[in-house]
file my_file25.txt (compact mmCIF, C-alpha atoms)
# COMPACT_ATOMS: atom_id res chain seq x y z
CA MET A 1 -21.36 16.26 -72.64
CA ASN A 2 -20.21 16.00 -69.02
CA PHE A 3 -21.54 13.69 -66.31
CA HIS A 4 -20.28 14.04 -62.73
CA PHE A 5 -20.86 11.13 -60.33
CA PHE A 6 -20.52 11.81 -56.58
CA PHE A 7 -19.63 8.56 -54.91
CA MET A 8 -19.88 7.33 -51.36
CA GLY A 9 -20.32 3.82 -50.03
CA SER A 10 -19.41 0.22 -50.74
CA ALA A 11 -18.69 -1.81 -53.84
CA GLY A 12 -22.44 -2.27 -54.22
CA ASP A 13 -22.75 1.51 -54.51
CA PHE A 14 -19.76 1.96 -56.80
CA PHE A 15 -20.34 -0.58 -59.57
CA PRO A 16 -23.80 0.64 -60.64
CA LEU A 17 -22.35 4.11 -61.22
CA PHE A 18 -19.19 2.70 -62.79
CA ARG A 19 -21.09 0.51 -65.25
CA THR A 20 -23.36 3.40 -66.18
CA SER A 21 -20.24 5.48 -66.76
CA ILE A 22 -18.83 2.86 -69.13
CA ALA A 23 -22.05 3.03 -71.15
CA LEU A 24 -21.82 6.84 -71.29
CA LEU A 25 -18.18 6.73 -72.34
CA SER A 26 -19.06 4.42 -75.23
CA ARG A 27 -21.36 7.16 -76.50
CA GLY A 28 -18.64 9.80 -76.51
CA HIS A 29 -19.48 11.57 -73.25
CA SER A 30 -17.06 12.79 -70.58
CA VAL A 31 -17.35 11.23 -67.12
CA THR A 32 -15.90 12.34 -63.79
CA PHE A 33 -16.07 10.53 -60.45
CA VAL A 34 -15.91 12.73 -57.35
CA ALA A 35 -14.91 11.02 -54.10
CA SER A 36 -13.03 11.69 -50.89
CA ASP A 37 -9.83 9.98 -49.81
CA GLU A 38 -11.81 7.40 -47.85
CA TYR A 39 -12.56 5.72 -51.17
CA VAL A 40 -9.14 5.39 -52.76
CA TRP A 41 -9.93 1.70 -53.41
CA ILE A 42 -11.95 2.70 -56.48
CA ARG A 43 -8.86 4.21 -58.15
CA PRO A 44 -7.63 0.96 -59.84
CA PHE A 45 -11.00 0.53 -61.55
CA ILE A 46 -11.12 4.17 -62.66
CA GLU A 47 -7.56 4.18 -64.00
CA LYS A 48 -8.38 1.42 -66.50
CA THR A 49 -10.84 3.78 -68.22
CA PRO A 50 -10.94 7.37 -69.56
CA ILE A 51 -12.97 8.38 -66.49
CA SER A 52 -11.52 11.28 -64.50
CA LEU A 53 -11.22 10.93 -60.73
CA VAL A 54 -11.39 14.01 -58.51
CA CYS A 55 -10.67 13.63 -54.78
CA ILE A 56 -12.39 16.26 -52.68
CA ASN A 57 -11.35 16.37 -49.04
CA ALA A 58 -12.82 18.05 -46.00
CA ASP A 59 -12.83 21.79 -45.43
CA THR A 60 -9.61 23.36 -44.11
CA ARG A 61 -11.05 23.74 -40.64
CA PHE A 62 -11.42 19.96 -40.44
CA GLU A 63 -8.05 19.15 -42.01
CA GLN A 64 -6.31 20.94 -39.13
CA GLY A 65 -8.04 18.82 -36.53
CA GLU A 66 -8.91 15.18 -36.20
CA LYS A 67 -9.86 13.52 -39.47
CA PRO A 68 -13.58 12.65 -39.58
CA THR A 69 -14.21 8.93 -39.28
CA PHE A 70 -17.17 6.69 -40.03
CA ASP A 71 -17.71 3.68 -37.80
CA VAL A 72 -20.20 1.50 -39.65
CA GLY A 73 -20.40 -0.84 -36.70
CA GLY A 74 -21.10 1.97 -34.22
CA HIS A 75 -23.36 4.97 -34.53
CA ARG A 76 -23.70 4.61 -38.30
CA SER A 77 -24.27 8.37 -38.67
CA LEU A 78 -23.12 9.74 -42.00
CA SER A 79 -22.94 13.32 -40.84
CA ASP A 80 -19.30 12.93 -39.76
CA LEU A 81 -18.39 12.25 -43.37
CA VAL A 82 -20.90 14.46 -45.14
CA GLU A 83 -20.73 17.65 -43.06
CA PRO A 84 -17.04 18.47 -43.75
CA LEU A 85 -17.64 18.06 -47.48
CA VAL A 86 -20.65 20.35 -47.85
CA SER A 87 -18.70 23.47 -48.75
CA ALA A 88 -16.23 21.66 -51.03
CA HIS A 89 -19.07 19.97 -52.93
CA PHE A 90 -20.88 23.27 -53.33
CA ARG A 91 -17.77 24.91 -54.81
CA TYR A 92 -17.15 21.96 -57.12
CA VAL A 93 -20.61 22.23 -58.65
CA GLN A 94 -20.20 25.99 -59.01
CA ASP A 95 -16.88 25.56 -60.80
CA THR A 96 -17.88 22.78 -63.18
CA TYR A 97 -21.48 23.48 -64.17
CA VAL A 98 -22.01 24.46 -67.81
CA PRO A 99 -25.71 24.97 -68.68
CA GLY A 100 -26.92 22.47 -71.26
CA ASN A 101 -23.73 20.44 -70.98
CA THR A 102 -23.56 19.05 -67.43
CA VAL A 103 -25.47 16.59 -65.24
CA PHE A 104 -24.68 15.85 -61.57
CA ILE A 105 -25.48 12.36 -60.30
CA ASN A 106 -25.41 12.29 -56.54
CA TYR A 107 -25.41 9.96 -53.58
CA ILE A 108 -28.48 11.53 -51.99
CA GLY A 109 -26.79 12.20 -48.66
CA TYR A 110 -24.35 14.74 -50.12
CA VAL A 111 -26.41 17.83 -49.35
CA GLY A 112 -23.79 20.29 -50.64
CA VAL A 113 -24.22 18.94 -54.17
CA LYS A 114 -28.01 19.11 -53.98
CA PHE A 115 -27.98 22.67 -52.58
CA ALA A 116 -25.59 23.90 -55.29
CA CYS A 117 -27.66 22.34 -58.05
CA GLU A 118 -30.83 23.90 -56.72
CA HIS A 119 -29.14 27.28 -56.43
CA LEU A 120 -27.77 27.15 -59.99
CA GLY A 121 -30.69 25.35 -61.59
CA ALA A 122 -28.33 22.54 -62.61
CA PRO A 123 -29.63 19.07 -63.53
CA TYR A 124 -29.52 16.92 -60.40
CA VAL A 125 -30.15 13.18 -60.14
CA GLY A 126 -30.55 11.44 -56.78
CA VAL A 127 -29.45 7.81 -56.81
CA LEU A 128 -31.24 5.05 -54.91
CA TYR A 129 -29.73 1.59 -54.57
CA ALA A 130 -32.49 -0.21 -52.67
CA PRO A 131 -36.25 0.18 -52.14
CA ASN A 132 -35.90 1.58 -48.61
CA PRO A 133 -34.18 4.96 -48.93
CA LEU A 134 -32.41 6.84 -46.15
CA ALA A 135 -35.66 7.81 -44.44
CA GLU A 136 -36.35 4.17 -43.59
CA THR A 137 -32.81 3.12 -42.69
CA GLY A 138 -32.26 5.56 -39.83
CA ILE A 139 -28.93 6.84 -41.19
CA PHE A 140 -29.73 10.49 -40.47
CA ASP A 141 -30.91 11.14 -36.92
CA ASP A 142 -31.93 14.54 -35.57
CA ASP A 143 -28.39 15.38 -34.47
CA SER A 144 -27.01 14.56 -37.92
CA LEU A 145 -29.64 16.68 -39.63
CA ALA A 146 -28.83 19.59 -37.32
CA LYS A 147 -25.12 19.34 -38.21
CA LEU A 148 -25.86 19.30 -41.92
CA SER A 149 -28.25 22.21 -41.56
CA GLY A 150 -25.51 24.23 -39.84
CA ALA A 151 -23.02 23.38 -42.59
CA LEU A 152 -25.51 24.48 -45.23
CA GLN A 153 -26.17 27.73 -43.40
CA ARG A 154 -22.44 28.49 -43.41
CA VAL A 155 -22.20 27.83 -47.14
CA ALA A 156 -25.19 30.07 -47.78
CA SER A 157 -23.66 32.85 -45.70
CA ASP A 158 -20.30 32.58 -47.45
CA ASN A 159 -21.99 32.79 -50.86
CA HIS A 160 -24.55 35.49 -49.93
CA ILE A 161 -27.51 33.16 -50.47
CA SER A 162 -30.61 34.14 -48.54
CA LEU A 163 -32.88 31.22 -49.38
CA VAL A 164 -31.73 28.10 -47.51
CA PRO A 165 -33.82 24.91 -47.45
CA THR A 166 -34.71 23.09 -44.27
CA VAL A 167 -32.42 20.09 -44.07
CA ASP A 168 -34.79 17.26 -43.24
CA LEU A 169 -35.42 13.84 -44.74
CA THR A 170 -38.14 15.20 -47.03
CA TRP A 171 -35.70 17.66 -48.62
CA ILE A 172 -32.82 15.15 -48.80
CA LEU A 173 -34.97 12.59 -50.58
CA SER A 174 -36.69 15.03 -52.93
CA SER A 175 -35.08 15.42 -56.34
CA PRO A 176 -36.28 16.56 -59.76
CA TYR A 177 -34.90 13.25 -61.04
CA ASN A 178 -34.50 10.01 -59.10
CA LEU A 179 -32.67 6.99 -60.48
CA ALA A 180 -33.20 3.57 -58.87
CA TYR A 181 -30.74 0.77 -59.61
CA PHE A 182 -33.24 -2.02 -59.03
CA PRO A 183 -36.37 -3.27 -60.84
CA GLN A 184 -39.88 -2.34 -59.83
CA TRP A 185 -40.65 -5.94 -58.86
CA MET A 186 -38.09 -5.65 -56.07
CA GLY A 187 -39.74 -2.50 -54.73
CA ASN A 188 -41.76 0.16 -56.51
CA LEU A 189 -41.02 3.69 -55.22
CA GLY A 190 -43.64 5.31 -57.43
CA GLU A 191 -43.83 7.32 -60.63
CA SER A 192 -41.37 9.96 -59.43
CA VAL A 193 -38.57 7.40 -59.49
CA PHE A 194 -37.07 5.95 -62.68
CA HIS A 195 -36.39 2.26 -62.08
CA ALA A 196 -33.49 1.33 -64.36
CA GLY A 197 -33.16 -2.22 -63.04
CA PHE A 198 -30.06 -4.06 -61.88
CA PRO A 199 -26.97 -2.60 -63.60
CA TYR A 200 -25.36 -5.78 -64.82
CA PRO A 201 -22.24 -5.45 -67.02
CA VAL A 202 -22.94 -4.87 -70.70
CA LYS A 203 -20.75 -7.89 -71.41
CA ASN A 204 -19.31 -10.51 -69.09
CA ASP A 205 -15.58 -10.67 -69.82
CA ALA A 206 -14.48 -11.50 -66.28
CA THR A 207 -11.90 -14.26 -65.93
CA LEU A 208 -10.97 -16.53 -63.04
CA PRO A 209 -7.53 -16.36 -61.40
CA GLY A 210 -5.43 -19.46 -61.94
CA GLU A 211 -5.62 -20.59 -58.31
CA VAL A 212 -9.42 -20.54 -58.48
CA VAL A 213 -9.45 -22.57 -61.70
CA VAL A 214 -7.30 -25.23 -60.03
CA PHE A 215 -9.37 -25.21 -56.83
CA LEU A 216 -12.62 -25.72 -58.77
CA ALA A 217 -11.16 -28.35 -61.09
CA GLU A 218 -9.90 -30.47 -58.19
CA ARG A 219 -13.34 -30.38 -56.56
CA LYS A 220 -15.50 -30.90 -59.62
CA GLY A 221 -18.90 -32.30 -58.70
CA GLU A 222 -18.55 -31.38 -55.02
CA LYS A 223 -20.49 -28.70 -53.16
CA ILE A 224 -18.81 -25.31 -52.80
CA VAL A 225 -19.96 -22.38 -50.64
CA LEU A 226 -18.71 -18.83 -51.22
CA PHE A 227 -18.62 -16.35 -48.33
CA THR A 228 -18.16 -12.62 -48.87
CA PRO A 229 -18.69 -10.12 -46.03
CA GLY A 230 -18.83 -7.14 -48.39
CA THR A 231 -17.06 -3.90 -47.60
CA SER A 232 -19.04 -2.98 -44.50
CA MET A 233 -19.49 -6.10 -42.34
CA PRO A 234 -17.76 -5.65 -38.97
CA ASP A 235 -15.15 -8.29 -38.04
CA PRO A 236 -15.28 -10.26 -41.32
CA ALA A 237 -12.53 -12.67 -40.23
CA PHE A 238 -14.60 -13.78 -37.23
CA TYR A 239 -17.64 -14.55 -39.36
CA ALA A 240 -15.53 -16.20 -42.05
CA GLY A 241 -14.21 -18.59 -39.43
CA ILE A 242 -17.75 -19.59 -38.45
CA VAL A 243 -18.70 -20.20 -42.10
CA ILE A 244 -15.62 -22.32 -42.68
CA GLU A 245 -16.23 -24.40 -39.55
CA ALA A 246 -19.80 -25.10 -40.65
CA CYS A 247 -18.64 -26.11 -44.13
CA VAL A 248 -15.93 -28.39 -42.76
CA GLN A 249 -18.45 -30.04 -40.46
CA LEU A 250 -20.68 -30.71 -43.49
CA GLY A 251 -17.75 -32.00 -45.53
CA ILE A 252 -18.09 -29.30 -48.22
CA HIS A 253 -15.65 -26.72 -49.57
CA CYS A 254 -15.53 -22.97 -48.98
CA ILE A 255 -14.21 -19.94 -50.83
CA VAL A 256 -13.78 -16.78 -48.74
CA VAL A 257 -13.59 -13.44 -50.57
CA SER A 258 -12.55 -10.51 -48.39
CA HIS A 259 -9.94 -7.77 -48.43
CA GLN A 260 -9.40 -8.49 -44.72
CA ILE A 261 -8.60 -12.20 -44.96
CA GLY A 262 -5.14 -11.50 -43.59
CA GLN A 263 -6.79 -11.41 -40.16
CA LEU A 264 -8.01 -15.00 -40.58
CA ALA A 265 -5.77 -17.71 -39.14
CA LEU A 266 -6.09 -20.98 -41.05
CA GLN A 267 -6.67 -24.01 -38.84
CA PRO A 268 -5.10 -27.42 -39.62
CA GLU A 269 -8.51 -29.08 -39.95
CA TRP A 270 -9.42 -26.65 -42.75
CA HIS A 271 -6.59 -27.81 -44.98
CA GLY A 272 -7.70 -28.66 -48.51
CA ARG A 273 -11.22 -27.33 -48.03
CA VAL A 274 -10.72 -23.57 -48.00
CA LEU A 275 -9.55 -21.01 -50.55
CA LEU A 276 -8.92 -17.44 -49.37
CA LEU A 277 -9.14 -14.59 -51.90
CA GLY A 278 -8.65 -10.86 -51.48
CA GLN A 279 -11.11 -10.08 -54.27
CA ILE A 280 -12.73 -11.61 -57.33
CA GLU A 281 -15.32 -10.48 -59.87
CA PHE A 282 -18.61 -12.08 -58.92
CA GLU A 283 -19.67 -12.57 -62.53
CA ALA A 284 -16.69 -14.91 -62.94
CA ILE A 285 -17.41 -17.17 -59.96
CA PHE A 286 -21.07 -17.12 -58.91
CA ASP A 287 -22.23 -19.62 -61.51
CA LYS A 288 -19.62 -22.09 -60.22
CA VAL A 289 -20.67 -22.22 -56.57
CA ASP A 290 -23.71 -23.76 -54.89
CA LEU A 291 -24.43 -21.16 -52.23
CA VAL A 292 -23.42 -17.55 -51.52
CA ILE A 293 -23.28 -16.36 -47.91
CA HIS A 294 -23.10 -12.59 -47.59
CA HIS A 295 -24.14 -9.40 -45.80
CA ALA A 296 -27.39 -8.82 -47.73
CA GLY A 297 -25.93 -5.98 -49.78
CA VAL A 298 -27.98 -5.26 -52.88
CA GLY A 299 -24.98 -5.62 -55.21
CA THR A 300 -24.18 -9.15 -54.06
CA LEU A 301 -27.88 -10.00 -53.91
CA SER A 302 -28.47 -8.94 -57.52
CA GLU A 303 -25.47 -10.90 -58.81
CA ALA A 304 -26.65 -14.04 -57.01
CA LEU A 305 -30.12 -13.62 -58.51
CA ARG A 306 -28.57 -13.19 -61.94
CA PHE A 307 -26.77 -16.53 -61.73
CA GLY A 308 -29.56 -18.42 -59.97
CA VAL A 309 -27.50 -19.29 -56.91
CA PRO A 310 -29.16 -19.60 -53.46
CA GLN A 311 -28.25 -17.12 -50.73
CA LEU A 312 -27.79 -17.10 -46.97
CA VAL A 313 -27.54 -13.58 -45.57
CA LYS A 314 -26.71 -11.85 -42.29
CA PRO A 315 -28.03 -8.27 -42.44
CA GLU A 316 -26.37 -5.63 -40.27
CA PHE A 317 -27.91 -2.25 -41.10
CA TRP A 318 -29.32 0.16 -43.72
CA ASP A 319 -31.06 -1.51 -46.66
CA GLN A 320 -29.79 -4.97 -45.73
CA PHE A 321 -32.84 -5.87 -43.64
CA TYR A 322 -35.16 -5.09 -46.54
CA ASN A 323 -32.94 -7.14 -48.85
CA ALA A 324 -32.93 -10.06 -46.43
CA SER A 325 -36.72 -9.94 -46.24
CA PHE A 326 -36.90 -9.92 -50.05
CA ILE A 327 -34.69 -13.03 -50.21
CA GLU A 328 -36.89 -14.93 -47.79
CA THR A 329 -40.16 -13.72 -49.33
CA ARG A 330 -39.04 -14.85 -52.80
CA ASN A 331 -37.70 -18.10 -51.28
CA VAL A 332 -34.29 -17.73 -52.93
CA GLY A 333 -32.49 -18.28 -49.65
CA ARG A 334 -32.55 -17.70 -45.93
CA ALA A 335 -31.63 -14.93 -43.51
CA VAL A 336 -30.02 -15.26 -40.09
CA LYS A 337 -29.67 -12.66 -37.34
CA LYS A 338 -26.12 -11.85 -36.28
CA GLU A 339 -26.87 -13.14 -32.77
CA ALA A 340 -27.72 -16.53 -34.27
CA PHE A 341 -24.73 -16.63 -36.63
CA THR A 342 -23.12 -19.69 -35.03
CA ARG A 343 -21.52 -22.84 -36.40
CA GLU A 344 -24.51 -24.91 -35.29
CA THR A 345 -27.07 -22.61 -36.93
CA LEU A 346 -25.09 -22.28 -40.14
CA THR A 347 -24.51 -26.03 -40.37
CA TYR A 348 -28.27 -26.54 -40.31
CA LEU A 349 -29.10 -23.68 -42.69
CA ILE A 350 -26.42 -24.50 -45.27
CA ASP A 351 -27.56 -28.12 -45.42
CA ASP A 352 -31.23 -27.07 -45.58
CA ILE A 353 -30.62 -24.65 -48.46
CA LEU A 354 -28.41 -26.99 -50.48
CA THR A 355 -30.98 -29.81 -50.26
CA SER A 356 -34.11 -27.70 -50.88
CA ASP A 357 -35.70 -28.25 -54.29
CA ASP A 358 -38.10 -25.37 -53.65
CA ILE A 359 -35.27 -22.88 -53.12
CA HIS A 360 -33.42 -24.02 -56.22
CA GLN A 361 -36.58 -23.76 -58.33
CA ALA A 362 -37.25 -20.26 -56.98
CA CYS A 363 -33.67 -19.25 -57.82
CA LYS A 364 -34.07 -20.44 -61.40
CA LYS A 365 -37.31 -18.52 -61.71
CA MET A 366 -35.67 -15.33 -60.43
CA GLN A 367 -32.76 -15.89 -62.80
CA VAL A 368 -35.20 -15.72 -65.71
CA GLU A 369 -36.63 -12.49 -64.26
CA CYS A 370 -33.12 -11.03 -64.29
CA LEU A 371 -32.33 -11.92 -67.90
CA ASN A 372 -33.78 -8.65 -69.16
CA GLN A 373 -32.05 -6.48 -66.56
CA ASN A 374 -29.91 -3.96 -68.38
CA GLY A 375 -29.76 -1.17 -65.84
CA ALA A 376 -26.39 0.25 -66.90
CA VAL A 377 -27.54 0.96 -70.46
CA ILE A 378 -31.05 2.05 -69.43
CA SER A 379 -29.71 4.46 -66.79
CA ALA A 380 -27.33 5.92 -69.40
CA ASP A 381 -30.35 6.51 -71.67
CA PHE A 382 -32.13 8.20 -68.76
CA LEU A 383 -29.20 10.50 -67.98
CA GLU A 384 -28.83 11.46 -71.64
CA SER A 385 -32.51 12.41 -71.78
CA ILE A 386 -32.02 14.75 -68.80
CA LEU A 387 -29.10 16.42 -70.52
CA VAL A 388 -31.13 16.94 -73.70
CA HIS A 389 -33.95 18.50 -71.67
CA ASP A 390 -31.53 20.84 -69.86
CA LYS A 391 -29.88 21.84 -73.12
CA VAL A 392 -33.21 22.86 -74.61
CA ALA A 393 -34.12 24.75 -71.44
CA SER A 394 -30.80 26.60 -71.33
CA GLN A 395 -31.32 27.80 -74.90
CA HIS A 396 -34.69 29.34 -74.09
CA ASP A 397 -34.50 30.33 -70.44
CA PRO A 398 -32.99 33.80 -70.05
CA VAL A 399 -32.36 33.18 -66.33
CA VAL A 400 -30.21 30.16 -67.06
CA GLU A 401 -28.36 31.97 -69.85
CA THR A 402 -27.13 34.63 -67.43
CA LEU A 403 -25.64 32.18 -64.94
call {"tool": "encode", "arguments": {"input": "my_file25.txt", "output": "structure tokens"}}
result
Amino acid sequence: MNFHFFFMGSAGDFFPLFRTSIALLSRGHSVTFVASDEYVWIRPFIEKTPISLVCINADTRFEQGEKPTFDVGGHRSLSDLVEPLVSAHFRYVQDTYVPGNTVFINYIGYVGVKFACEHLGAPYVGVLYAPNPLAETGIFDDDSLAKLSGALQRVASDNHISLVPTVDLTWILSSPYNLAYFPQWMGNLGESVFHAGFPYPVKNDATLPGEVVVFLAERKGEKIVLFTPGTSMPDPAFYAGIVIEACVQLGIHCIVVSHQIGQLALQPEWHGRVLLLGQIEFEAIFDKVDLVIHHAGVGTLSEALRFGVPQLVKPEFWDQFYNASFIETRNVGRAVKKEAFTRETLTYLIDDILTSDDIHQACKKMQVECLNQNGAVISADFLESILVHDKVASQHDPVVETL
């Protein structure tokens, strides 16, 4: 059986799908990831598995001009990335769909995938990563929706399709199947959404790099803060510098995890207190630090909850404001606006969090809540059930049989 995952986004978007894919592979299924060249960073993870990776680029008319870009710190409109891919996604679904043998799992903004599945009657699953979907995050404004509508009209014309849906938020967010990678107690989206829970790894076999082992061993019993800006925080080196300065002022140690640490100039007064890492698996390090400072991404949030470590977050956009509110409401940490992200503010907040018994007790309580989270396996069960249903339908539906 074949499962096709359309990916777009950050590490927090990738790993839920990747871990679900691993569960499906263990059951003998075939898995394909579909992504554009903007996301070549996922290739090393894919290549360690039997998963196939298909890179779909923009339509020819875009390849001849300026390459579409996506400025997460600017307009934050996804249409510049999604619109050029509408036709290519539609053709991909047409070429790969086998009734009763194929399921398409889609980032809900890829309208070409959704349109093709509706046209063919193919099983379509919309993926949600946080309780406030696109309609509440403001990703698609009226101009973006108009662009996507035009792209869909062109696809329909090219394929002689007369019935074209209205591209609005209601249509984008409506799916026959919806899969949420978070538990209902974080945000219940209703009976139409299947809440699989946080997709933690089936087994934790992550190991620490040697330099991290040494760094931790030499500072045993001392407080350590980990800062990770995620894959979408603008100017991560700038914010890393502020975190480090606050930690140095408090006399505690800091680990910075970012693929852009090369932009960070180490200061003499930081010597011996800072470790810079390009990347590390969170499940290997989070239980060894005392505080995680991050961008309020749901992936980092869920890992911190899993290991019972307090959080200090600086939300920027999308679901991050909801996540920050959740952290404060559950008292597992604090949130700070980017305008207030200064050395003075962080010095106060880091000290307040590290010395708060209430926050540490709340973190331990949430850690217990997360013990039963097995979203990767549960979502694989859910996807298999869809495939079984489609297989039965394709055997009895004469319309499907003639496709």
call {"tool": "residues_around", "arguments": {"input": "my_file25.txt", "residues": "A:Gly297", "least_positions_apart": "4", "cutoff": "12 Å", "atoms": "only C-alpha atoms", "output": "VMD selection string"}}
result
chain A and resid 9 to 13 129 to 130 228 to 233 292 to 293 301 to 304 311 to 324 326 to 327
call {"tool": "residues_around", "arguments": {"input": "my_file25.txt", "residues": "A:Ala237", "least_positions_apart": "6", "cutoff": "10 Å", "atoms": "all atoms listed in the file", "output": "ChimeraX atom specification"}}
result
/A:229,243,256,258-265
call {"tool": "atom_distance", "arguments": {"input": "my_file25.txt", "atom1": "atom CA of A:Asp352", "atom2": "atom CA of A:Lys364"}}
result
17.4 Å
call {"tool": "residues_around", "arguments": {"input": "my_file25.txt", "residues": "A:Val127", "least_positions_apart": "5", "cutoff": "10 Å", "atoms": "only C-alpha atoms", "output": "list in words"}}
result
Phe5, Phe6, Asp13, Pro16, Leu17, Ile105, Asn106, Tyr107, Ile108, Gly109, Pro133, Leu173, Ser175, Tyr177, Asn178, Leu179, Ala180, Tyr181, Val193 and Phe194 of chain A
call {"tool": "residues_around", "arguments": {"input": "my_file25.txt", "residues": "A:Pro201", "least_positions_apart": "4", "cutoff": "10 Å", "atoms": "only C-alpha atoms", "output": "PyMOL selection string"}}
result
chain A and resi 15-16+18-20+22-23+205-206+283+373-377
call {"tool": "closest_residue", "arguments": {"input": "my_file25.txt", "among": "A:Val82, A:Ala284, A:Ala122, A:Ile242", "to": "A:Thr96", "atoms": "all atoms listed in the file"}}
result
A:Ala122
call {"tool": "residues_around", "arguments": {"input": "my_file25.txt", "residues": "A:Asp95", "least_positions_apart": "2", "cutoff": "12 Å", "atoms": "only C-alpha atoms", "output": "ChimeraX atom specification"}}
result
/A:88-93,97-99,102,113,116-117,120,122,403
call {"tool": "write_last_selection", "arguments": {"input": "my_file25.txt", "atoms": "C-alpha atoms", "output": "CSV table (one decimal), keeping the file's coordinate frame"}}
result
chain,number,residue,atom,x,y,z
A,88,ALA,CA,-16.2,21.7,-51.0
A,89,HIS,CA,-19.1,20.0,-52.9
A,90,PHE,CA,-20.9,23.3,-53.3
A,91,ARG,CA,-17.8,24.9,-54.8
A,92,TYR,CA,-17.2,22.0,-57.1
A,93,VAL,CA,-20.6,22.2,-58.6
A,97,TYR,CA,-21.5,23.5,-64.2
A,98,VAL,CA,-22.0,24.5,-67.8
A,99,PRO,CA,-25.7,25.0,-68.7
A,102,THR,CA,-23.6,19.0,-67.4
A,113,VAL,CA,-24.2,18.9,-54.2
A,116,ALA,CA,-25.6,23.9,-55.3
A,117,CYS,CA,-27.7,22.3,-58.0
A,120,LEU,CA,-27.8,27.2,-60.0
A,122,ALA,CA,-28.3,22.5,-62.6
A,403,LEU,CA,-25.6,32.2,-64.9
call {"tool": "closest_residue", "arguments": {"input": "my_file25.txt", "among": "A:Ile46, A:Ala146, A:Cys363, A:Ile51", "to": "A:Leu169", "atoms": "all atoms listed in the file"}}
result
A:Ala146
call {"tool": "atom_distance", "arguments": {"input": "my_file25.txt", "atom1": "atom CA of A:Gly241", "atom2": "atom CA of A:Leu275"}}
result
12.3 Å
call {"tool": "closest_residue", "arguments": {"input": "my_file25.txt", "among": "A:Ser26, A:Gln249, A:Gln94, A:Asn101", "to": "A:Arg343", "atoms": "all atoms listed in the file"}}
result
A:Gln249
call {"tool": "atom_distance", "arguments": {"input": "my_file25.txt", "atom1": "atom CA of A:Gly333", "atom2": "atom CA of A:Ile224"}}
result
15.7 Å
call {"tool": "closest_residue", "arguments": {"input": "my_file25.txt", "among": "A:Glu83, A:Glu222, A:Asp358, A:Glu245", "to": "A:Lys147", "atoms": "all atoms listed in the file"}}
result
A:Glu83
